[in-house]
Amino acid sequence: MPSIKLITWNMKGDVPDCEISELFDKYYDFYVIGVQECENSILKSFFANSKKLWRQKVDMFISRQGPYSLVGESEQNAMLLQIFCKQSLVSQISCVHIQKITLGQYNLANKGAVSVSFCFNGVPLLFSNFHLFKAFEYYQTRVVEFQRYLQKFSREMCIHQQPNTHPLSRFKQAFLLGDFNMRVSCSREESDFKSFDQRRALDQMTNFQSLFNLRDISQVEFEPGYKMNLQGGYTQTCVPSWTDRILVADSNINNAIDDKLKILKHSYCPICQKYHKYKLAKNNSVEMDQLQGDVYVDSQNIQMEATSYKSPMIIGSDHQPVIGIVEITGITKSLQLKMCSE
């Protein structure tokens, strides 16, 4: 049952000089770190987009938890997505794929998404880090940007979408994190007199999720993380909003389980466009040492459960970071990982 800690943070063109140990607090199986406006502003990143200081800071904090290896990273303009795993899990990872998608006007990279996908024990997982267009009145622009993301993603991954299926449904779990820039639909003055539930009901993200069949990894129970001042309060210029989120698009494609134990199956891999070989155990009571072969999946019911979803108070940007901790059940450790084969 792998544990994953996901972190998203818009850093406002800097590397905040503040304590971030709360972001790197335990020895999780995976760390997924997506940042926007990292170390440089969007404009400056067109000419100088070094993220050396942030990489050094991440390496320092993550190494304190234990030995980790970099699974993959994807970088574009001021965005960066890094995925680390325990060194003991490296042999169970295959088909790592890096992707960059531009969504800005005139196809510029000022807005977009960077992605890393891979197979863990033969199970395809996707992680994408977003930065969409800002401002309350440009909700429809953000909708169009996400539609373009799905179109470009499907085209580059050679995914031929079936009717009534989500373009990301080929992945057993697809995590979408970042600054989606969704706002609360009321004035700054009105927001001060509304309850938490009333403000959450006016969140533009509600319609956005319904439109694209997405959801937060868990219900939002934390206060809005944007727009903050240096004293830890909200500015008087913007309506406090949940702009930074961690979303998930669950797969609705299941592998058929054969009635007989140890029947060799082939599962199509959307990452490398080939087929995984693995064997399926009929139930969870089968001991792993009784099985022989390549990669094992002991259940078709692979599920995600969020154990934490919050926004810690870390003053260093006008955005608060958002972190989520999830556990995925139904993935069994393989005895021997076999790469995809035709």
# chains A, B, ... in the order shown; residues from 1 in each chain; ligands from 1
>>> select_by_dssp(residues="segment 73-289 of chain A", states="strand (DSSP E or B)", output="PyMOL selection string")
chain A and resi 73-76+79-86+93-102+112-120+123-131+173-179+184+203+215-216+226+228+234+241+244-250+264-269+274-280
>>> write_last_selection(atoms="C-alpha atoms", output="mmCIF file, in the first residue's frame")
data_model
loop_
_atom_site.group_PDB
_atom_site.id
_atom_site.type_symbol
_atom_site.label_atom_id
_atom_site.label_comp_id
_atom_site.auth_asym_id
_atom_site.auth_seq_id
_atom_site.Cartn_x
_atom_site.Cartn_y
_atom_site.Cartn_z
ATOM 1 C CA GLU A 73 11.117 15.754 -13.239
ATOM 2 C CA SER A 74 9.442 18.019 -15.764
ATOM 3 C CA GLU A 75 10.159 21.736 -16.107
ATOM 4 C CA GLN A 76 8.674 24.523 -18.212
ATOM 5 C CA MET A 79 6.906 25.491 -13.306
ATOM 6 C CA LEU A 80 8.665 22.425 -11.941
ATOM 7 C CA LEU A 81 7.385 18.959 -11.046
ATOM 8 C CA GLN A 82 9.636 16.506 -9.197
ATOM 9 C CA ILE A 83 8.815 12.967 -8.086
ATOM 10 C CA PHE A 84 11.001 11.100 -5.607
ATOM 11 C CA CYS A 85 10.627 7.522 -4.379
ATOM 12 C CA LYS A 86 12.328 5.414 -1.755
ATOM 13 C CA ILE A 93 9.108 1.474 -11.480
ATOM 14 C CA SER A 94 9.102 1.400 -15.275
ATOM 15 C CA CYS A 95 7.914 3.376 -18.318
ATOM 16 C CA VAL A 96 8.823 6.837 -16.958
ATOM 17 C CA HIS A 97 7.530 9.514 -19.339
ATOM 18 C CA ILE A 98 8.054 13.301 -19.174
ATOM 19 C CA GLN A 99 5.619 15.715 -20.799
ATOM 20 C CA LYS A 100 5.321 19.501 -21.181
ATOM 21 C CA ILE A 101 2.201 21.228 -22.486
ATOM 22 C CA THR A 102 1.958 24.951 -23.254
ATOM 23 C CA GLY A 112 0.610 25.237 -18.980
ATOM 24 C CA ALA A 113 1.168 21.850 -17.395
ATOM 25 C CA VAL A 114 4.183 19.641 -16.769
ATOM 26 C CA SER A 115 3.681 15.922 -16.206
ATOM 27 C CA VAL A 116 5.472 12.780 -15.109
ATOM 28 C CA SER A 117 3.844 9.389 -15.645
ATOM 29 C CA PHE A 118 5.174 5.934 -14.836
ATOM 30 C CA CYS A 119 4.140 2.397 -14.013
ATOM 31 C CA PHE A 120 4.462 1.169 -10.449
ATOM 32 C CA VAL A 123 0.004 0.046 -12.671
ATOM 33 C CA PRO A 124 0.058 3.319 -14.713
ATOM 34 C CA LEU A 125 0.036 6.525 -12.634
ATOM 35 C CA LEU A 126 -0.029 10.144 -13.824
ATOM 36 C CA PHE A 127 1.000 13.352 -12.033
ATOM 37 C CA SER A 128 0.479 16.776 -13.668
ATOM 38 C CA ASN A 129 1.404 20.205 -12.293
ATOM 39 C CA PHE A 130 -0.733 23.124 -13.586
ATOM 40 C CA HIS A 131 -0.694 26.899 -13.714
ATOM 41 C CA GLN A 173 -4.821 7.125 -10.836
ATOM 42 C CA ALA A 174 -4.309 10.589 -12.348
ATOM 43 C CA PHE A 175 -3.338 13.348 -9.900
ATOM 44 C CA LEU A 176 -3.658 16.975 -11.031
ATOM 45 C CA LEU A 177 -2.117 19.559 -8.727
ATOM 46 C CA GLY A 178 -1.171 23.208 -8.996
ATOM 47 C CA ASP A 179 -2.481 26.756 -9.182
ATOM 48 C CA VAL A 184 -14.881 32.548 -4.995
ATOM 49 C CA ASP A 203 -16.061 28.310 -5.444
ATOM 50 C CA ARG A 215 -12.667 15.917 -7.602
ATOM 51 C CA ASP A 216 -10.424 17.040 -4.776
ATOM 52 C CA TYR A 226 -4.783 33.146 -1.568
ATOM 53 C CA MET A 228 -2.004 36.475 1.634
ATOM 54 C CA TYR A 234 -5.651 38.266 3.541
ATOM 55 C CA SER A 241 -9.908 31.832 -2.662
ATOM 56 C CA ASP A 244 -4.207 25.905 -5.214
ATOM 57 C CA ARG A 245 -5.611 22.379 -5.238
ATOM 58 C CA ILE A 246 -4.851 18.683 -5.548
ATOM 59 C CA LEU A 247 -7.375 16.904 -7.764
ATOM 60 C CA VAL A 248 -7.818 13.346 -8.942
ATOM 61 C CA ALA A 249 -9.414 11.718 -11.967
ATOM 62 C CA ASP A 250 -10.133 8.086 -11.157
ATOM 63 C CA LEU A 264 -1.121 -14.848 -17.580
ATOM 64 C CA LYS A 265 -2.751 -11.574 -18.575
ATOM 65 C CA HIS A 266 -1.716 -8.609 -20.707
ATOM 66 C CA SER A 267 -2.563 -5.044 -19.717
ATOM 67 C CA TYR A 268 -2.177 -2.228 -22.223
ATOM 68 C CA CYS A 269 0.213 0.474 -21.023
ATOM 69 C CA LYS A 274 2.800 -1.596 -25.396
ATOM 70 C CA TYR A 275 1.575 -4.355 -23.107
ATOM 71 C CA HIS A 276 2.524 -5.286 -19.571
ATOM 72 C CA LYS A 277 2.722 -8.915 -18.656
ATOM 73 C CA TYR A 278 1.621 -9.829 -15.167
ATOM 74 C CA LYS A 279 -0.247 -12.478 -13.261
ATOM 75 C CA LEU A 280 -3.400 -11.963 -11.277
#
>>> residues_around(residues="Ile328 of chain A", least_positions_apart="5", cutoff="9 Å", atoms="only C-alpha atoms", output="count of residues only")
10
>>> residues_around(residues="segment 45-50 of chain A", least_positions_apart="4", cutoff="8 Å", atoms="only C-alpha atoms", output="PyMOL selection string")
chain A and resi 39-41+77-78
>>> closest_residue(among="A:Met60, A:Leu53, A:Leu43, A:Lys134", to="Ser21 of chain A", atoms="only C-alpha atoms")
A:Met60
>>> atom_distance(atom1="atom CA of Leu132 of chain A", atom2="atom CA of Gln56 of chain A")
26.5 Å
>>> select_by_dssp(residues="segment 14-256 of chain A", states="alpha helix (DSSP H)", output="ChimeraX atom specification")
/A:42-45,52-63,139-156,188-191,196-201,204-212
>>> closest_residue(among="A:Glu156, A:Glu19, A:Glu37, A:Asp29", to="Leu70 of chain A", atoms="only C-alpha atoms")
A:Asp29
>>> atom_distance(atom1="atom CA of Phe171 of chain A", atom2="atom CA of Pro270 of chain A")
7.3 Å
>>> closest_atom_pairs(of="segment 190-237 of chain A", to="segment 307-314 of chain A", cutoff="10 Å", atoms="only C-alpha atoms", output="tab-separated table")
residue	atom	partner	partner_atom	distance
A:Asp216	CA	A:Tyr309	CA	9.1
A:Ile217	CA	A:Tyr309	CA	7.5
A:Ser218	CA	A:Tyr309	CA	6.5
A:Gln219	CA	A:Tyr309	CA	8.0
A:Val220	CA	A:Tyr309	CA	7.3
A:Glu221	CA	A:Lys310	CA	7.3
A:Phe222	CA	A:Lys310	CA	5.7
A:Glu223	CA	A:Ser311	CA	7.6
A:Pro224	CA	A:Ser311	CA	8.3
A:Gly225	CA	A:Ser311	CA	6.9
A:Gly232	CA	A:Met313	CA	7.7
>>> write_last_selection(atoms="N, CA and C atoms", output="PDB file, in the first residue's frame")
ATOM      1  N   ASP A 216     -11.545  16.904  -5.696  1.00  0.00           N
ATOM      2  CA  ASP A 216     -10.424  17.040  -4.776  1.00  0.00           C
ATOM      3  C   ASP A 216     -10.119  15.675  -4.172  1.00  0.00           C
ATOM      4  N   ILE A 217      -8.883  15.482  -3.744  1.00  0.00           N
ATOM      5  CA  ILE A 217      -8.533  14.194  -3.145  1.00  0.00           C
ATOM      6  C   ILE A 217      -9.338  13.950  -1.873  1.00  0.00           C
ATOM      7  N   SER A 218      -9.813  15.026  -1.258  1.00  0.00           N
ATOM      8  CA  SER A 218     -10.690  14.950  -0.100  1.00  0.00           C
ATOM      9  C   SER A 218     -11.435  16.280  -0.022  1.00  0.00           C
ATOM     10  N   GLN A 219     -12.494  16.336   0.764  1.00  0.00           N
ATOM     11  CA  GLN A 219     -13.246  17.585   0.861  1.00  0.00           C
ATOM     12  C   GLN A 219     -12.372  18.688   1.443  1.00  0.00           C
ATOM     13  N   VAL A 220     -12.494  19.876   0.879  1.00  0.00           N
ATOM     14  CA  VAL A 220     -11.714  21.021   1.345  1.00  0.00           C
ATOM     15  C   VAL A 220     -12.237  21.476   2.701  1.00  0.00           C
ATOM     16  N   GLU A 221     -11.384  21.400   3.713  1.00  0.00           N
ATOM     17  CA  GLU A 221     -11.742  21.840   5.062  1.00  0.00           C
ATOM     18  C   GLU A 221     -10.816  22.946   5.558  1.00  0.00           C
ATOM     19  N   PHE A 222      -9.828  23.327   4.742  1.00  0.00           N
ATOM     20  CA  PHE A 222      -8.885  24.362   5.154  1.00  0.00           C
ATOM     21  C   PHE A 222      -9.318  25.719   4.603  1.00  0.00           C
ATOM     22  N   GLU A 223      -8.842  26.784   5.241  1.00  0.00           N
ATOM     23  CA  GLU A 223      -9.179  28.134   4.818  1.00  0.00           C
ATOM     24  C   GLU A 223      -8.518  28.457   3.473  1.00  0.00           C
ATOM     25  N   PRO A 224      -9.086  29.399   2.719  1.00  0.00           N
ATOM     26  CA  PRO A 224      -8.466  29.787   1.449  1.00  0.00           C
ATOM     27  C   PRO A 224      -7.009  30.196   1.637  1.00  0.00           C
ATOM     28  N   GLY A 225      -6.177  29.858   0.660  1.00  0.00           N
ATOM     29  CA  GLY A 225      -4.746  30.132   0.777  1.00  0.00           C
ATOM     30  C   GLY A 225      -4.249  31.269  -0.083  1.00  0.00           C
ATOM     31  N   GLY A 232       0.420  37.248   7.323  1.00  0.00           N
ATOM     32  CA  GLY A 232      -0.361  36.026   7.446  1.00  0.00           C
ATOM     33  C   GLY A 232      -1.852  36.231   7.337  1.00  0.00           C
TER      34      GLY A 232
END
>>> atom_distance(atom1="atom CA of Ser187 of chain A", atom2="atom CA of Phe136 of chain A")
10.2 Å
>>> closest_residue(among="A:Glu22, A:Asp17, A:Arg142, A:Asp59", to="Lys5 of chain A", atoms="only C-alpha atoms")
A:Glu22
>>> closest_residue(among="A:Leu214, A:Cys18, A:Met205, A:Val239", to="His166 of chain A", atoms="only C-alpha atoms")
A:Leu214
